[in-house]
file data02.txt (compact mmCIF, C-alpha atoms)
# COMPACT_ATOMS: atom_id res chain seq x y z
CA MET A 1 -7.18 -15.42 7.23
CA GLU A 2 -6.79 -17.77 10.18
CA GLU A 3 -5.35 -20.46 7.88
CA LEU A 4 -2.84 -17.99 6.44
CA GLN A 5 -1.75 -16.92 9.93
CA LYS A 6 -1.27 -20.57 10.86
CA GLU A 7 0.79 -21.22 7.72
CA TYR A 8 2.91 -18.12 8.39
CA SER A 9 3.57 -19.22 11.97
CA GLU A 10 4.50 -22.73 10.81
CA LEU A 11 6.95 -21.30 8.28
CA LEU A 12 8.62 -19.16 10.94
CA SER A 13 8.85 -22.21 13.18
CA ARG A 14 11.02 -24.02 10.63
CA GLN A 15 13.97 -22.01 11.88
CA VAL A 16 15.58 -23.60 14.94
CA PHE A 17 17.38 -21.13 17.17
CA ASN A 18 19.83 -21.73 20.00
CA ALA A 19 19.10 -18.96 22.48
CA ALA A 20 22.65 -19.17 23.86
CA ASP A 21 24.03 -18.17 20.45
CA LEU A 22 21.99 -14.95 20.16
CA ASP A 23 24.13 -11.92 20.96
CA TYR A 24 21.79 -9.03 21.68
CA THR A 25 24.68 -6.59 21.95
CA LEU A 26 24.53 -6.63 18.14
CA LEU A 27 21.18 -4.88 18.38
CA GLU A 28 22.63 -2.30 20.75
CA HIS A 29 25.40 -1.72 18.21
CA HIS A 30 22.81 -0.85 15.55
CA THR A 31 20.61 1.36 17.73
CA SER A 32 22.34 4.70 17.12
CA MET A 33 22.50 4.05 13.38
CA LEU A 34 18.80 3.18 13.26
CA ALA A 35 17.87 6.31 15.21
CA GLN A 36 19.90 8.41 12.80
CA LEU A 37 18.24 6.69 9.85
CA ALA A 38 14.81 7.55 11.24
CA ARG A 39 15.86 11.14 11.86
CA VAL A 40 17.30 11.71 8.39
CA SER A 41 14.63 9.90 6.39
CA ASN A 42 11.68 10.61 8.69
CA SER A 43 10.79 6.93 8.33
CA GLY A 44 9.30 4.67 10.94
CA VAL A 45 12.03 2.16 11.80
CA THR A 46 11.50 -1.11 13.65
CA VAL A 47 13.44 -4.31 14.29
CA PHE A 48 11.59 -7.61 14.58
CA ASP A 49 13.15 -10.52 16.48
CA LEU A 50 12.19 -13.74 14.67
CA TYR A 51 13.35 -15.82 17.64
CA ALA A 52 11.27 -13.97 20.26
CA ARG A 53 8.52 -13.19 17.69
CA LYS A 54 8.29 -9.57 18.81
CA HIS A 55 9.53 -6.09 17.95
CA VAL A 56 12.65 -5.24 19.93
CA PHE A 57 13.23 -1.74 18.57
CA ALA A 58 11.04 1.12 17.38
CA SER A 59 12.36 4.53 16.35
CA PHE A 60 11.61 7.61 18.46
CA ASN A 61 9.22 8.94 15.81
CA PHE A 62 7.28 5.73 15.15
CA VAL A 63 4.38 6.51 17.48
CA ASP A 64 3.89 9.98 16.02
CA LEU A 65 3.93 8.63 12.47
CA PHE A 66 2.05 5.37 12.77
CA GLY A 67 0.90 4.81 16.35
CA PRO A 68 2.11 2.38 19.06
CA CYS A 69 4.47 -0.39 17.96
CA VAL A 70 3.00 -3.38 19.76
CA ASP A 71 2.75 -5.51 16.64
CA GLY A 72 4.40 -3.12 14.20
CA VAL A 73 1.49 -1.89 12.11
CA ASN A 74 -0.08 -5.31 11.54
CA ASP A 75 -2.99 -4.52 13.84
CA ARG A 76 -3.78 -1.44 11.74
CA VAL A 77 -3.61 -2.89 8.20
CA HIS A 78 -6.71 -2.18 6.11
CA PRO A 79 -9.05 -5.21 6.25
CA ASP A 80 -8.98 -5.55 2.45
CA ASP A 81 -5.17 -5.52 2.41
CA ALA A 82 -4.48 -7.82 5.36
CA LYS A 83 -4.91 -11.12 3.50
CA PRO A 84 -2.82 -10.32 0.39
CA HIS A 85 -0.21 -8.64 2.61
CA LEU A 86 0.22 -11.79 4.72
CA ARG A 87 0.02 -14.06 1.66
CA ASN A 88 2.91 -12.18 0.04
CA ALA A 89 5.00 -12.55 3.20
CA ILE A 90 4.36 -16.30 3.05
CA GLU A 91 5.42 -16.43 -0.61
CA ALA A 92 8.66 -14.61 0.26
CA LEU A 93 9.47 -17.07 3.06
CA LYS A 94 8.78 -20.06 0.80
CA TYR A 95 11.05 -18.56 -1.85
CA PHE A 96 13.96 -18.31 0.58
CA TYR A 97 13.31 -21.62 2.34
CA ALA A 98 13.41 -23.32 -1.05
CA GLY A 99 16.95 -22.03 -1.50
CA LYS A 100 16.09 -19.85 -4.49
CA GLY A 101 17.82 -16.85 -2.95
CA ASN A 102 19.84 -15.70 0.04
CA MET A 103 17.72 -13.43 2.24
CA LYS A 104 20.61 -11.05 2.94
CA ASP A 105 20.78 -10.24 -0.79
CA TYR A 106 17.18 -9.05 -0.97
CA LYS A 107 14.74 -6.60 0.46
CA MET A 108 10.98 -7.01 0.37
CA ILE A 109 9.11 -3.88 -0.71
CA THR A 110 5.36 -3.71 -0.07
CA GLU A 111 2.81 -0.97 -0.61
CA TYR A 112 -0.45 -1.25 1.34
CA ARG A 113 -2.84 0.70 3.56
CA ILE A 114 -2.79 1.20 7.31
CA ARG A 115 -4.84 3.24 9.76
CA ASN A 116 -2.90 6.27 10.99
CA THR A 117 -3.07 8.02 14.35
CA SER A 118 -6.05 10.08 13.12
CA GLY A 119 -8.01 6.93 12.30
CA GLU A 120 -7.70 7.43 8.54
CA TYR A 121 -6.34 4.86 6.12
CA VAL A 122 -3.19 5.90 4.27
CA ARG A 123 -0.94 4.09 1.82
CA VAL A 124 2.54 3.25 3.07
CA ILE A 125 5.65 1.68 1.58
CA GLU A 126 7.49 -0.81 3.78
CA GLN A 127 11.02 -2.01 3.07
CA PHE A 128 11.94 -5.18 4.92
CA THR A 129 15.54 -6.44 5.09
CA LEU A 130 17.64 -8.83 7.14
CA LEU A 131 19.62 -6.90 9.73
CA GLU A 132 21.37 -9.79 11.47
CA PRO A 133 21.36 -13.57 10.92
CA ASP A 134 22.16 -15.83 13.85
CA PRO A 135 25.43 -17.84 13.87
CA SER A 136 23.65 -20.75 12.15
CA GLY A 137 22.41 -18.57 9.30
CA ASN A 138 18.80 -18.27 10.46
CA ALA A 139 17.00 -15.00 9.77
CA TRP A 140 17.07 -13.45 13.24
CA LEU A 141 16.74 -9.65 13.38
CA ALA A 142 14.71 -8.08 10.57
CA LEU A 143 14.73 -4.36 9.81
CA SER A 144 11.62 -2.52 8.61
CA LEU A 145 11.42 1.01 7.21
CA ILE A 146 7.92 2.42 6.71
CA ASP A 147 7.15 5.63 4.83
CA LEU A 148 4.02 7.30 3.56
CA SER A 149 3.54 6.46 -0.11
CA PRO A 150 3.55 9.40 -2.54
CA ASP A 151 0.52 7.71 -4.12
CA GLN A 152 -2.48 8.38 -1.89
CA SER A 153 -5.00 7.80 -4.67
CA ALA A 154 -7.93 5.40 -4.50
CA PHE A 155 -5.73 2.64 -5.99
CA LYS A 156 -6.43 -0.28 -3.69
CA SER A 157 -4.36 -3.34 -4.55
CA VAL A 158 -1.39 -4.46 -2.48
CA LYS A 159 1.89 -4.31 -4.39
CA SER A 160 4.74 -6.46 -3.14
CA SER A 161 8.05 -7.58 -4.61
CA LEU A 162 11.48 -8.89 -3.75
CA PHE A 163 14.29 -6.60 -4.84
CA HIS A 164 17.72 -8.17 -5.43
CA LEU A 165 20.28 -5.75 -4.00
CA LYS A 166 23.17 -6.94 -6.18
CA ASN A 167 21.65 -7.15 -9.65
CA ASN A 168 18.77 -4.66 -9.25
CA THR A 169 16.03 -7.04 -10.33
CA PHE A 170 12.49 -7.40 -9.00
CA ILE A 171 10.36 -10.49 -8.38
CA ALA A 172 6.64 -9.75 -8.11
CA LEU A 173 5.24 -11.86 -5.28
CA GLN A 174 1.76 -11.82 -6.79
CA GLU A 175 3.18 -13.54 -9.87
CA LEU A 176 4.77 -16.22 -7.68
CA TYR A 177 1.45 -16.75 -5.96
CA ASP A 178 -0.44 -16.97 -9.25
CA MET A 179 2.08 -19.49 -10.54
CA HIS A 180 1.70 -21.68 -7.46
CA MET A 181 -2.08 -21.47 -7.60
CA ALA A 182 -1.91 -22.80 -11.16
CA GLY A 183 0.10 -25.57 -9.55
CA LEU A 184 1.38 -28.92 -10.70
CA THR A 185 -1.01 -31.56 -11.97
CA PRO A 186 -1.54 -34.68 -9.81
CA ARG A 187 0.58 -36.66 -12.29
CA GLU A 188 3.41 -34.11 -12.13
CA ILE A 189 3.32 -34.25 -8.34
CA ASN A 190 3.53 -38.06 -8.47
CA VAL A 191 6.53 -37.83 -10.79
CA LEU A 192 8.22 -35.29 -8.53
CA ARG A 193 7.62 -37.44 -5.46
CA LEU A 194 9.32 -40.36 -7.20
CA ILE A 195 12.21 -38.09 -8.23
CA LYS A 196 12.47 -37.11 -4.56
CA ASP A 197 12.69 -40.83 -3.71
CA GLY A 198 15.67 -41.14 -6.06
CA LEU A 199 14.03 -42.93 -8.99
CA LEU A 200 15.34 -42.43 -12.52
CA SER A 201 13.07 -41.70 -15.49
CA LYS A 202 13.02 -45.36 -16.60
CA GLU A 203 12.07 -46.51 -13.09
CA ILE A 204 9.35 -43.85 -12.88
CA SER A 205 7.94 -44.93 -16.25
CA GLU A 206 7.75 -48.55 -15.09
CA GLN A 207 6.07 -47.63 -11.80
CA LEU A 208 3.51 -45.29 -13.37
CA PHE A 209 3.02 -47.40 -16.55
CA ILE A 210 3.90 -44.52 -18.88
CA SER A 211 6.66 -44.06 -21.43
CA VAL A 212 10.07 -42.60 -20.60
CA HIS A 213 9.29 -39.83 -23.09
CA THR A 214 6.16 -38.93 -21.11
CA VAL A 215 8.13 -38.93 -17.86
CA ASN A 216 10.71 -36.57 -19.34
CA THR A 217 7.95 -34.31 -20.64
CA HIS A 218 6.52 -34.15 -17.11
CA ARG A 219 9.97 -33.37 -15.73
CA GLN A 220 10.42 -30.49 -18.17
CA ARG A 221 7.01 -29.04 -17.39
CA ILE A 222 7.74 -29.24 -13.66
CA LEU A 223 10.93 -27.21 -14.12
CA GLU A 224 9.06 -24.63 -16.19
CA LYS A 225 6.16 -24.29 -13.75
CA LEU A 226 8.40 -23.93 -10.70
CA ASP A 227 10.94 -21.78 -12.57
CA VAL A 228 13.92 -23.85 -11.44
CA ASN A 229 17.01 -25.20 -13.18
CA ASN A 230 17.04 -28.86 -12.20
CA SER A 231 15.10 -31.62 -10.49
CA MET A 232 16.73 -31.18 -7.07
CA GLU A 233 15.76 -27.51 -7.03
CA ALA A 234 12.25 -28.55 -8.07
CA VAL A 235 12.02 -31.03 -5.16
CA ARG A 236 13.30 -28.44 -2.68
CA TYR A 237 10.95 -25.71 -3.92
CA ALA A 238 7.88 -27.95 -4.15
CA SER A 239 8.57 -29.18 -0.64
CA ALA A 240 8.78 -25.61 0.64
CA LEU A 241 5.44 -24.88 -1.07
CA GLY A 242 3.87 -27.87 0.61
CA LEU A 243 3.12 -29.63 -2.67
CA LEU A 244 4.82 -32.90 -1.70
CA SER A 245 3.41 -33.26 1.80
call {"tool": "encode", "arguments": {"input": "data02.txt", "output": "structure tokens"}}
result
Amino acid sequence: MEELQKEYSELLSRQVFNAADLDYTLLEHHTSMLAQLARVSNSGVTVFDLYARKHVFASFNFVDLFGPCVDGVNDRVHPDDAKPHLRNAIEALKYFYAGKGNMKDYKMITEYRIRNTSGEYVRVIEQFTLLEPDPSGNAWLALSLIDLSPDQSAFKSVKSSLFHLKNNTFIALQELYDMHMAGLTPREINVLRLIKDGLLSKEISEQLFISVHTVNTHRQRILEKLDVNNSMEAVRYASALGLLS
């Protein structure tokens, strides 16, 4: 878990903010709307500041529903759900950092268990969306809506997906994780590193002492495994996953 927390922190640190560019009156502008949203939906609503790394808004009903909002509900996640919950957040960040999607076009939907104010574990559904980017396009203020799940059965696995707001499609984050765990072979990583260095297939074949046909087969398999359209996307995505470091 400690390694995952470190990786998550490192991913967040990839964004470089200029504090002078952050206009916090934007948050004030949203406050009344967020309070109304909490009132109408009876959801717990929070805003997380990715620059300050802290919650800067919690709805009036959050404490009654889910307890104090010091760290959202992260300090109350079920021990069995904490690791997959964080792992899925890491997969989502890698997906966006690789340029495979624009964060403002998606929301992350996760179902997991937290400890409520009575000390009992309940299943919740959290919807996580980008509220405001900074002027440079960094993900700055993130909006979270948390509701009790209608499914309070003994079903225990964490379910998490990215939902595309424009075309109504879902990406299961567990499937992304499974795909990355299968990973590229050492030879495929070598080929991709050489592609990153600007070498053509013929040059790669000469350097690795394999045929051009074999190089092209590796290139095709890399695209399939990373689910990308071309070599540049493959380099960008593999770099975001840490495969080329």
call {"tool": "residues_around", "arguments": {"input": "data02.txt", "residues": "Leu86 in chain A", "least_positions_apart": "2", "cutoff": "12 Å", "atoms": "all atoms listed in the file", "output": "ChimeraX atom specification"}}
result
/A:1-9,74,77-84,88-93,110,112,158-160,173-174,177
call {"tool": "write_last_selection", "arguments": {"input": "data02.txt", "atoms": "C-alpha atoms", "output": "PDB file, in the coordinates of the input"}}
result
ATOM      1  CA  MET A   1      -7.180 -15.420   7.230  1.00  0.00           C
ATOM      2  CA  GLU A   2      -6.790 -17.770  10.180  1.00  0.00           C
ATOM      3  CA  GLU A   3      -5.350 -20.460   7.880  1.00  0.00           C
ATOM      4  CA  LEU A   4      -2.840 -17.990   6.440  1.00  0.00           C
ATOM      5  CA  GLN A   5      -1.750 -16.920   9.930  1.00  0.00           C
ATOM      6  CA  LYS A   6      -1.270 -20.570  10.860  1.00  0.00           C
ATOM      7  CA  GLU A   7       0.790 -21.220   7.720  1.00  0.00           C
ATOM      8  CA  TYR A   8       2.910 -18.120   8.390  1.00  0.00           C
ATOM      9  CA  SER A   9       3.570 -19.220  11.970  1.00  0.00           C
ATOM     10  CA  ASN A  74      -0.080  -5.310  11.540  1.00  0.00           C
ATOM     11  CA  VAL A  77      -3.610  -2.890   8.200  1.00  0.00           C
ATOM     12  CA  HIS A  78      -6.710  -2.180   6.110  1.00  0.00           C
ATOM     13  CA  PRO A  79      -9.050  -5.210   6.250  1.00  0.00           C
ATOM     14  CA  ASP A  80      -8.980  -5.550   2.450  1.00  0.00           C
ATOM     15  CA  ASP A  81      -5.170  -5.520   2.410  1.00  0.00           C
ATOM     16  CA  ALA A  82      -4.480  -7.820   5.360  1.00  0.00           C
ATOM     17  CA  LYS A  83      -4.910 -11.120   3.500  1.00  0.00           C
ATOM     18  CA  PRO A  84      -2.820 -10.320   0.390  1.00  0.00           C
ATOM     19  CA  ASN A  88       2.910 -12.180   0.040  1.00  0.00           C
ATOM     20  CA  ALA A  89       5.000 -12.550   3.200  1.00  0.00           C
ATOM     21  CA  ILE A  90       4.360 -16.300   3.050  1.00  0.00           C
ATOM     22  CA  GLU A  91       5.420 -16.430  -0.610  1.00  0.00           C
ATOM     23  CA  ALA A  92       8.660 -14.610   0.260  1.00  0.00           C
ATOM     24  CA  LEU A  93       9.470 -17.070   3.060  1.00  0.00           C
ATOM     25  CA  THR A 110       5.360  -3.710  -0.070  1.00  0.00           C
ATOM     26  CA  TYR A 112      -0.450  -1.250   1.340  1.00  0.00           C
ATOM     27  CA  VAL A 158      -1.390  -4.460  -2.480  1.00  0.00           C
ATOM     28  CA  LYS A 159       1.890  -4.310  -4.390  1.00  0.00           C
ATOM     29  CA  SER A 160       4.740  -6.460  -3.140  1.00  0.00           C
ATOM     30  CA  LEU A 173       5.240 -11.860  -5.280  1.00  0.00           C
ATOM     31  CA  GLN A 174       1.760 -11.820  -6.790  1.00  0.00           C
ATOM     32  CA  TYR A 177       1.450 -16.750  -5.960  1.00  0.00           C
TER      33      TYR A 177
END
call {"tool": "residues_around", "arguments": {"input": "data02.txt", "residues": "range 97-109 of chain A", "least_positions_apart": "5", "cutoff": "9 Å", "atoms": "all atoms listed in the file", "output": "PyMOL selection string"}}
result
chain A and resi 11+14+89+92+125-133+139+159-166+228+233-241
call {"tool": "residues_around", "arguments": {"input": "data02.txt", "residues": "Val70 in chain A", "least_positions_apart": "6", "cutoff": "12 Å", "atoms": "all atoms listed in the file", "output": "NGL selection string"}}
result
:A and (46-48 or 53-58 or 62-63 or 76)
call {"tool": "write_last_selection", "arguments": {"input": "data02.txt", "atoms": "C-alpha atoms", "output": "short mmCIF file (atom, residue, chain, number, x, y, z; two decimals), in the coordinates of the input"}}
result
data_model
loop_
_atom_site.label_atom_id
_atom_site.label_comp_id
_atom_site.auth_asym_id
_atom_site.auth_seq_id
_atom_site.Cartn_x
_atom_site.Cartn_y
_atom_site.Cartn_z
CA THR A 46 11.50 -1.11 13.65
CA VAL A 47 13.44 -4.31 14.29
CA PHE A 48 11.59 -7.61 14.58
CA ARG A 53 8.52 -13.19 17.69
CA LYS A 54 8.29 -9.57 18.81
CA HIS A 55 9.53 -6.09 17.95
CA VAL A 56 12.65 -5.24 19.93
CA PHE A 57 13.23 -1.74 18.57
CA ALA A 58 11.04 1.12 17.38
CA PHE A 62 7.28 5.73 15.15
CA VAL A 63 4.38 6.51 17.48
CA ARG A 76 -3.78 -1.44 11.74
#
call {"tool": "atom_distance", "arguments": {"input": "data02.txt", "atom1": "CA of Lys196 in chain A", "atom2": "CA of Leu208 in chain A"}}
result
15.0 Å
call {"tool": "closest_residue", "arguments": {"input": "data02.txt", "among": "A:Asn190, A:Asn116, A:Thr217, A:Asn229", "to": "Asp75 in chain A", "atoms": "only C-alpha atoms"}}
result
A:Asn116
call {"tool": "decode", "arguments": {"input": "data02.txt", "residues": "range 11-22 of chain A", "atoms": "all heavy atoms", "output": "PDB file, in the first residue's frame"}}
result
ATOM      1  N   LEU A  11       2.554  10.737  -9.333  1.00  0.00           N
ATOM      2  CA  LEU A  11       1.732  11.073 -10.490  1.00  0.00           C
ATOM      3  C   LEU A  11       1.115  12.464 -10.333  1.00  0.00           C
ATOM      4  O   LEU A  11       1.108  13.263 -11.277  1.00  0.00           O
ATOM      5  CB  LEU A  11       0.635  10.029 -10.681  1.00  0.00           C
ATOM      6  CG  LEU A  11       1.062   8.697 -11.288  1.00  0.00           C
ATOM      7  CD1 LEU A  11      -0.063   7.674 -11.185  1.00  0.00           C
ATOM      8  CD2 LEU A  11       1.481   8.866 -12.747  1.00  0.00           C
ATOM      9  N   LEU A  12       0.606  12.750  -9.147  1.00  0.00           N
ATOM     10  CA  LEU A  12       0.031  14.081  -8.904  1.00  0.00           C
ATOM     11  C   LEU A  12       1.089  15.168  -9.059  1.00  0.00           C
ATOM     12  O   LEU A  12       0.790  16.274  -9.526  1.00  0.00           O
ATOM     13  CB  LEU A  12      -0.581  14.148  -7.503  1.00  0.00           C
ATOM     14  CG  LEU A  12      -1.844  13.324  -7.249  1.00  0.00           C
ATOM     15  CD1 LEU A  12      -2.331  13.537  -5.821  1.00  0.00           C
ATOM     16  CD2 LEU A  12      -2.950  13.678  -8.237  1.00  0.00           C
ATOM     17  N   SER A  13       2.316  14.847  -8.701  1.00  0.00           N
ATOM     18  CA  SER A  13       3.397  15.832  -8.753  1.00  0.00           C
ATOM     19  C   SER A  13       3.839  16.155 -10.177  1.00  0.00           C
ATOM     20  O   SER A  13       4.608  17.100 -10.377  1.00  0.00           O
ATOM     21  CB  SER A  13       4.613  15.328  -7.953  1.00  0.00           C
ATOM     22  OG  SER A  13       4.281  15.180  -6.591  1.00  0.00           O
ATOM     23  N   ARG A  14       3.375  15.394 -11.147  1.00  0.00           N
ATOM     24  CA  ARG A  14       3.735  15.680 -12.538  1.00  0.00           C
ATOM     25  C   ARG A  14       3.110  16.988 -13.019  1.00  0.00           C
ATOM     26  O   ARG A  14       3.614  17.610 -13.961  1.00  0.00           O
ATOM     27  CB  ARG A  14       3.283  14.543 -13.457  1.00  0.00           C
ATOM     28  CG  ARG A  14       4.052  13.252 -13.261  1.00  0.00           C
ATOM     29  CD  ARG A  14       3.677  12.233 -14.313  1.00  0.00           C
ATOM     30  NE  ARG A  14       4.298  10.940 -14.078  1.00  0.00           N
ATOM     31  CZ  ARG A  14       4.176   9.900 -14.887  1.00  0.00           C
ATOM     32  NH1 ARG A  14       3.467  10.008 -16.000  1.00  0.00           N
ATOM     33  NH2 ARG A  14       4.752   8.746 -14.590  1.00  0.00           N
ATOM     34  N   GLN A  15       2.032  17.384 -12.381  1.00  0.00           N
ATOM     35  CA  GLN A  15       1.413  18.650 -12.752  1.00  0.00           C
ATOM     36  C   GLN A  15       2.181  19.787 -12.084  1.00  0.00           C
ATOM     37  O   GLN A  15       2.435  19.752 -10.884  1.00  0.00           O
ATOM     38  CB  GLN A  15      -0.058  18.691 -12.305  1.00  0.00           C
ATOM     39  CG  GLN A  15      -0.931  17.672 -12.992  1.00  0.00           C
ATOM     40  CD  GLN A  15      -2.405  17.963 -12.781  1.00  0.00           C
ATOM     41  OE1 GLN A  15      -3.171  17.987 -13.731  1.00  0.00           O
ATOM     42  NE2 GLN A  15      -2.821  18.199 -11.542  1.00  0.00           N
ATOM     43  N   VAL A  16       2.532  20.794 -12.862  1.00  0.00           N
ATOM     44  CA  VAL A  16       3.272  21.946 -12.335  1.00  0.00           C
ATOM     45  C   VAL A  16       2.339  23.153 -12.336  1.00  0.00           C
ATOM     46  O   VAL A  16       1.902  23.618 -13.392  1.00  0.00           O
ATOM     47  CB  VAL A  16       4.528  22.230 -13.184  1.00  0.00           C
ATOM     48  CG1 VAL A  16       5.261  23.444 -12.637  1.00  0.00           C
ATOM     49  CG2 VAL A  16       5.436  21.011 -13.213  1.00  0.00           C
ATOM     50  N   PHE A  17       2.032  23.630 -11.141  1.00  0.00           N
ATOM     51  CA  PHE A  17       1.121  24.755 -10.990  1.00  0.00           C
ATOM     52  C   PHE A  17       1.886  26.048 -10.753  1.00  0.00           C
ATOM     53  O   PHE A  17       2.961  26.050 -10.152  1.00  0.00           O
ATOM     54  CB  PHE A  17       0.186  24.534  -9.786  1.00  0.00           C
ATOM     55  CG  PHE A  17      -0.810  23.420  -9.967  1.00  0.00           C
ATOM     56  CD1 PHE A  17      -0.532  22.142  -9.501  1.00  0.00           C
ATOM     57  CD2 PHE A  17      -2.034  23.656 -10.572  1.00  0.00           C
ATOM     58  CE1 PHE A  17      -1.451  21.115  -9.643  1.00  0.00           C
ATOM     59  CE2 PHE A  17      -2.961  22.635 -10.723  1.00  0.00           C
ATOM     60  CZ  PHE A  17      -2.664  21.367 -10.256  1.00  0.00           C
ATOM     61  N   ASN A  18       1.297  27.137 -11.221  1.00  0.00           N
ATOM     62  CA  ASN A  18       1.765  28.487 -10.868  1.00  0.00           C
ATOM     63  C   ASN A  18       0.719  29.070  -9.925  1.00  0.00           C
ATOM     64  O   ASN A  18      -0.405  29.371 -10.338  1.00  0.00           O
ATOM     65  CB  ASN A  18       1.912  29.344 -12.120  1.00  0.00           C
ATOM     66  CG  ASN A  18       2.451  30.731 -11.805  1.00  0.00           C
ATOM     67  OD1 ASN A  18       2.537  31.133 -10.639  1.00  0.00           O
ATOM     68  ND2 ASN A  18       2.796  31.481 -12.834  1.00  0.00           N
ATOM     69  N   ALA A  19       1.075  29.187  -8.661  1.00  0.00           N
ATOM     70  CA  ALA A  19       0.113  29.621  -7.653  1.00  0.00           C
ATOM     71  C   ALA A  19      -0.537  30.959  -8.018  1.00  0.00           C
ATOM     72  O   ALA A  19      -1.714  31.198  -7.712  1.00  0.00           O
ATOM     73  CB  ALA A  19       0.795  29.715  -6.288  1.00  0.00           C
ATOM     74  N   ALA A  20       0.225  31.827  -8.680  1.00  0.00           N
ATOM     75  CA  ALA A  20      -0.301  33.149  -9.032  1.00  0.00           C
ATOM     76  C   ALA A  20      -1.433  33.062 -10.049  1.00  0.00           C
ATOM     77  O   ALA A  20      -2.238  33.996 -10.177  1.00  0.00           O
ATOM     78  CB  ALA A  20       0.822  34.026  -9.580  1.00  0.00           C
ATOM     79  N   ASP A  21      -1.514  31.949 -10.772  1.00  0.00           N
ATOM     80  CA  ASP A  21      -2.554  31.790 -11.795  1.00  0.00           C
ATOM     81  C   ASP A  21      -3.859  31.225 -11.245  1.00  0.00           C
ATOM     82  O   ASP A  21      -4.863  31.167 -11.967  1.00  0.00           O
ATOM     83  CB  ASP A  21      -2.063  30.841 -12.907  1.00  0.00           C
ATOM     84  CG  ASP A  21      -0.952  31.458 -13.736  1.00  0.00           C
ATOM     85  OD1 ASP A  21      -0.837  32.698 -13.741  1.00  0.00           O
ATOM     86  OD2 ASP A  21      -0.195  30.702 -14.362  1.00  0.00           O
ATOM     87  N   LEU A  22      -3.856  30.762  -9.997  1.00  0.00           N
ATOM     88  CA  LEU A  22      -5.024  30.071  -9.436  1.00  0.00           C
ATOM     89  C   LEU A  22      -6.005  31.081  -8.847  1.00  0.00           C
ATOM     90  O   LEU A  22      -5.708  31.750  -7.854  1.00  0.00           O
ATOM     91  CB  LEU A  22      -4.581  29.062  -8.377  1.00  0.00           C
ATOM     92  CG  LEU A  22      -3.563  28.020  -8.855  1.00  0.00           C
ATOM     93  CD1 LEU A  22      -3.195  27.081  -7.722  1.00  0.00           C
ATOM     94  CD2 LEU A  22      -4.094  27.247 -10.058  1.00  0.00           C
TER      95      LEU A  22
END
